[in-house]
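Q: Structure incoming, see below.
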2 protein chains.
Amino acid sequence: MGNKQIPPMDRFHFVTRGKGRIMRQSKLMRSPYGLQIIENCVTCPHKEDRLFCNLPPAALQRLSEITGSATYPKGATLFVEGQPSRGVFILCAGHVKLSTSSADGKTLILRISEPGDLLGLPATISGRPYEVTADVIEPTQANFISRTDFLNFLRDHGEAALRVAQELSETYQSAFAEMRAIGLSHSAGEKLARFILDWSAHHKSEGGIVRFNLTLTHEEIAQMIGASRETVTRLFADFKRKKLLSVNGSSVTVNDQPGLERLVQGE
Amino acid sequence: MGNKQIPPMDRFHFVTRGKGRIMRQSKLMRSPYGLQIIENCVTCPHKEDRLFCNLPPAALQRLSEITGSATYPKGATLFVEGQPSRGVFILCAGHVKLSTSSADGKTLILRISEPGDLLGLPATISGRPYEVTADVIEPTQANFISRTDFLNFLRDHGEAALRVAQELSETYQSAFAEMRAIGLSHSAGEKLARFILDWSAHHKSEGGIVRFNLTLTHEEIAQMIGASRETVTRLFADFKRKKLLSVNGSSVTVNDQPGLERLVQGE
DNA sequence: ATTAACCTGTGACCCGGATCACGATAGTTG
DNA sequence: CAACTATCGTGATCCGGGTCACAGGTTAAT
């Protein structure tokens, strides 16, 4: 694989997070999450028919030459909102929080990225600064392609450019759905119900019962649905009281999916 | 120019709008807006260094073959949210409102598109349904390229695919900015102030005084910033009282830009 | 000119949820 | 173990702004 790129772990880690100091790989590999280093995951071991899978061999070869791999500890920051775009990250393992925040400290979490996602794509393509901040919330491995390399690659390989356009379209549409959810809903309960249903759809575990792990704090959930922490706490209590769901530690079980769906409909 | 495509004026016009019956071109051309039919505006007479301008001649030729042109009266609908994507529209003249609405009739206006914009791009690229509804709010001329033609064209012309990716990135980033504005602001006043500043930046007229035309109703402004119509009315009264701006008919003059900016900062 | 349809302006009311202020539990770290 | 810090749970308070109701004003259609 290519090691042309220096792992882009820049000074912003220290600026934005007090804790989450840098730990190096050796330590990271023994992390409780059982993370393993994957040599090169551009060719998507995760999502099927994904982005750069079925490209011609020449393109794949070129891609691997410009790709650099790196691992990041919990608390690291891949890039910061407003920072000039350096390139794209391809998430191989772990989860990354994409957020934006205003001057007064209020934060809005856009989404939690999963393996297979491309981070920083719009900024890299358009040449504008990153529009979100990407925080590692769980030991993570990611590949990196610098902006110039990536653009040159796309120029030379039209099929890849089309794939990128498709990826962008989907990113756009999911962001749009997010915005719709926040902008068109009336109550916080509605938004929380929608959030839980979305999350359970994405993270559904074994068949039958709808149960999933929710590793986010109430504070973070609040930032995802545009509400205050206290409101989220109260709503969870409400939902439990109404037997819509039940919580055991970080495991959430949806007991009454139709009930939640009724809440989303706004009634 | 190509006339391969039937002007995509479909049954949805009648369904979604009671008024705004179809008027044919002859009438349209004499409209008070002084609209003139442009033979083919794919090669961007409007925005400079725009989307498909500097493509190689072969690509331009192909493009003009698959492009069909049509005009639309005020009140027409180019496409509807949820409808399977048929293709992209390239706005040549006029303005189109992009909006989404919930089951209970609440509406959120995403943006007002201007000449040079591509409408329905994400849906066309991704193959998913249109995510917004596009309503013509002013006699409009637009080119249309069907989805299959457009995708084939992009497959054959990699440079164009890259341009499309750039366009998508910018669309994404501006939608994101919108979402940020709605999600991170505290008061309705803050959102209205931001809206006015954005709008004046885009529609600034002659030098010196910041004055512009605001053809939107309070209702529509409310839908753009996620507030109620009454609130917008009251806020405008507030702003006038505080000498931040003044209104003459549809012409708005910003008297105290710094004052508005202070409002946006949330203080 | 008359009606109708739509837009602006305001007052009254009231409720959801932000905010503040705690206390109660974990986990973590020296 | 003690001190700290992050998270959760709840009550009290308060206000922004949504909703309802209605009164001019404007424009368009007949």
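We name chains A, B, ... following the order of the structure tokens; residues begin at 1 in each chain, and ligands are numbered from 1 as shown.
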Which residues of chain B sit at most 8 Å from chain A, using only C-alpha atoms? Give each one's shortest atom pair and distance in Å (one decimal place), in chain and ascending residue order, as a tab-separated table.

A:
```
residue	atom	partner	partner_atom	distance
B:Thr100	CA	A:Arg180	CA	7.5
B:Ser101	CA	A:Leu184	CA	7.3
B:Ser102	CA	A:Leu184	CA	6.5
B:Ala103	CA	A:Gln265	CA	7.7
B:Lys106	CA	A:Leu184	CA	6.6
B:Thr107	CA	A:Leu184	CA	7.1
B:Leu108	CA	A:Leu184	CA	6.8
B:Leu121	CA	A:Ser169	CA	7.9
B:Pro122	CA	A:Ser169	CA	4.5
B:Ala123	CA	A:Ser169	CA	7.0
B:Ile125	CA	A:Gln166	CA	5.7
B:Ser126	CA	A:Gln166	CA	5.2
B:Glu131	CA	A:Gln173	CA	7.0
B:Leu154	CA	A:Leu162	CA	7.0
B:Arg155	CA	A:Glu159	CA	6.3
B:Asp156	CA	A:Gly158	CA	7.8
B:His157	CA	A:Gly158	CA	6.8
B:Gly158	CA	A:Gly158	CA	3.7
B:Glu159	CA	A:Arg155	CA	6.3
B:Ala161	CA	A:Leu162	CA	5.4
B:Leu162	CA	A:Ala161	CA	5.4
B:Val164	CA	A:Ala165	CA	6.7
B:Ala165	CA	A:Ala165	CA	4.6
B:Gln166	CA	A:Ser126	CA	5.2
B:Glu167	CA	A:Ser126	CA	7.8
B:Leu168	CA	A:Leu168	CA	6.5
B:Ser169	CA	A:Pro122	CA	4.5
B:Glu170	CA	A:Ser126	CA	6.4
B:Tyr172	CA	A:Tyr172	CA	5.4
B:Gln173	CA	A:Glu131	CA	7.0
B:Ala175	CA	A:Phe176	CA	7.4
B:Phe176	CA	A:Ala175	CA	7.5
B:Met179	CA	A:Met179	CA	5.7
B:Arg180	CA	A:Thr100	CA	7.5
B:Ile182	CA	A:Gly183	CA	7.3
B:Gly183	CA	A:Gly226	CA	6.3
B:Leu184	CA	A:Ser102	CA	6.5
B:Gly226	CA	A:Gly183	CA	6.3
B:Gln265	CA	A:Ala103	CA	7.6
```

Q: Dump as JSON lines the rows for residues of chain A within 10 Å of chain C: closest atom pair and distance in Å with one decimal, only C-alpha atoms (C1' of nucleotides) counted, ordered by chain and rising residue number.

A:
```
{"residue": "A:His186", "atom": "CA", "partner": "C:DG16", "partner_atom": "C1'", "distance": 9.7}
{"residue": "A:Ser187", "atom": "CA", "partner": "C:DG16", "partner_atom": "C1'", "distance": 7.7}
{"residue": "A:Ala188", "atom": "CA", "partner": "C:DG17", "partner_atom": "C1'", "distance": 8.2}
{"residue": "A:Ala227", "atom": "CA", "partner": "C:DG17", "partner_atom": "C1'", "distance": 8.4}
{"residue": "A:Ser228", "atom": "CA", "partner": "C:DA18", "partner_atom": "C1'", "distance": 6.9}
{"residue": "A:Arg229", "atom": "CA", "partner": "C:DA18", "partner_atom": "C1'", "distance": 9.8}
{"residue": "A:Glu230", "atom": "CA", "partner": "C:DA18", "partner_atom": "C1'", "distance": 9.0}
{"residue": "A:Thr231", "atom": "CA", "partner": "C:DG17", "partner_atom": "C1'", "distance": 7.1}
```

Q: Please produce a file of those selected residues containing N, CA and C atoms, as a PDB file, in the first residue's frame.

A:
```pdb
ATOM      1  N   HIS A 186     -42.782  19.765  15.357  1.00  0.00           N
ATOM      2  CA  HIS A 186     -43.354  20.700  16.311  1.00  0.00           C
ATOM      3  C   HIS A 186     -42.728  20.535  17.684  1.00  0.00           C
ATOM      4  N   SER A 187     -42.770  19.319  18.185  1.00  0.00           N
ATOM      5  CA  SER A 187     -42.340  19.118  19.561  1.00  0.00           C
ATOM      6  C   SER A 187     -41.010  18.375  19.635  1.00  0.00           C
ATOM      7  N   ALA A 188     -40.377  18.485  20.782  1.00  0.00           N
ATOM      8  CA  ALA A 188     -39.129  17.772  21.008  1.00  0.00           C
ATOM      9  C   ALA A 188     -39.386  16.268  21.059  1.00  0.00           C
ATOM     10  N   ALA A 227     -32.249  20.022  21.020  1.00  0.00           N
ATOM     11  CA  ALA A 227     -33.019  20.236  22.242  1.00  0.00           C
ATOM     12  C   ALA A 227     -32.026  20.367  23.389  1.00  0.00           C
ATOM     13  N   SER A 228     -32.554  20.576  24.608  1.00  0.00           N
ATOM     14  CA  SER A 228     -31.650  20.687  25.747  1.00  0.00           C
ATOM     15  C   SER A 228     -31.498  19.315  26.406  1.00  0.00           C
ATOM     16  N   ARG A 229     -30.437  19.181  27.152  1.00  0.00           N
ATOM     17  CA  ARG A 229     -30.146  17.909  27.802  1.00  0.00           C
ATOM     18  C   ARG A 229     -31.291  17.497  28.711  1.00  0.00           C
ATOM     19  N   GLU A 230     -31.765  18.428  29.511  1.00  0.00           N
ATOM     20  CA  GLU A 230     -32.830  18.111  30.459  1.00  0.00           C
ATOM     21  C   GLU A 230     -34.081  17.599  29.750  1.00  0.00           C
ATOM     22  N   THR A 231     -34.384  18.215  28.635  1.00  0.00           N
ATOM     23  CA  THR A 231     -35.571  17.786  27.890  1.00  0.00           C
ATOM     24  C   THR A 231     -35.432  16.336  27.454  1.00  0.00           C
TER      25      THR A 231
END
```

Q: Compute the chain D side of the contact with chain A at 10 Å, counting only C-alpha atoms (C1' of nucleotides), and hand it back as a PyMOL selection string.

A: chain D and resi 6-10+18

Q: Give the strand (DSSP E or B) residues of range 8-250 of chain A, as DSSP finds them on the backbone, and put them as JSON, numbers by chain.

A: {"A": [68, 69, 70, 71, 72, 77, 78, 79, 87, 88, 89, 90, 91, 92, 93, 96, 97, 98, 99, 100, 101, 107, 108, 109, 110, 111, 112, 113, 118, 119, 133, 134, 135, 136, 140, 141, 142, 143, 144, 145, 146, 210, 211, 212, 213, 245, 246, 247, 248]}

Q: Hey, what's within 8 Å of Val136 in chain B if we count only C-alpha atoms (C1' of nucleotides) and toss same-chain stuff fewer than 3 positions away? As a PyMOL selection string, please?

A: chain B and resi 72-78+94-97+139-140

Q: Okay, now the selection with C-alpha atoms, as a PDB file, in the first residue's frame?

A:
```pdb
ATOM      1  CA  TYR B  72     -43.114  27.564 -17.477  1.00  0.00           C
ATOM      2  CA  PRO B  73     -45.664  30.044 -16.159  1.00  0.00           C
ATOM      3  CA  LYS B  74     -45.841  31.267 -12.625  1.00  0.00           C
ATOM      4  CA  GLY B  75     -47.435  28.624 -10.470  1.00  0.00           C
ATOM      5  CA  ALA B  76     -46.150  25.677 -12.484  1.00  0.00           C
ATOM      6  CA  THR B  77     -44.362  22.872 -10.739  1.00  0.00           C
ATOM      7  CA  LEU B  78     -41.212  21.337 -12.140  1.00  0.00           C
ATOM      8  CA  GLY B  94     -36.801  33.173 -13.715  1.00  0.00           C
ATOM      9  CA  HIS B  95     -36.942  32.006 -10.151  1.00  0.00           C
ATOM     10  CA  VAL B  96     -37.987  28.712  -8.655  1.00  0.00           C
ATOM     11  CA  LYS B  97     -38.881  27.955  -5.064  1.00  0.00           C
ATOM     12  CA  PRO B 139     -42.217  32.975 -15.533  1.00  0.00           C
ATOM     13  CA  THR B 140     -39.275  30.744 -16.137  1.00  0.00           C
TER      14      THR B 140
END
```

Q: Mind checking DSSP for range 13-247 of chain A and telling me the helix (DSSP H, G or I) residues as a ChimeraX atom specification?

A: /A:13-16,25-29,57-66,121-126,147-156,158-184,188-202,218-225,229-241

Q: Rounded to one decimal, what separation in Å do you get between CA of Ile209 in chain A and CA of Pro258 in chain A?

A: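 For CA of Ile209 in chain A relative to CA of Pro258 in chain A, the distance reads 13.4 Å.
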
Q: What's the separation between CA of Ile66 in chain B and CA of Glu114 in chain B, in Å to one decimal place?

A: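 Going from CA of Ile66 in chain B over to CA of Glu114 in chain B, I get 22.2 Å.
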
Q: Choose the residue, out of A:Gly68, A:Pro115, A:Gly189, A:Gly87, that has the smallest atom-to-atom separation from Thr148 in chain A; count only C-alpha atoms.

A: A:Gly87
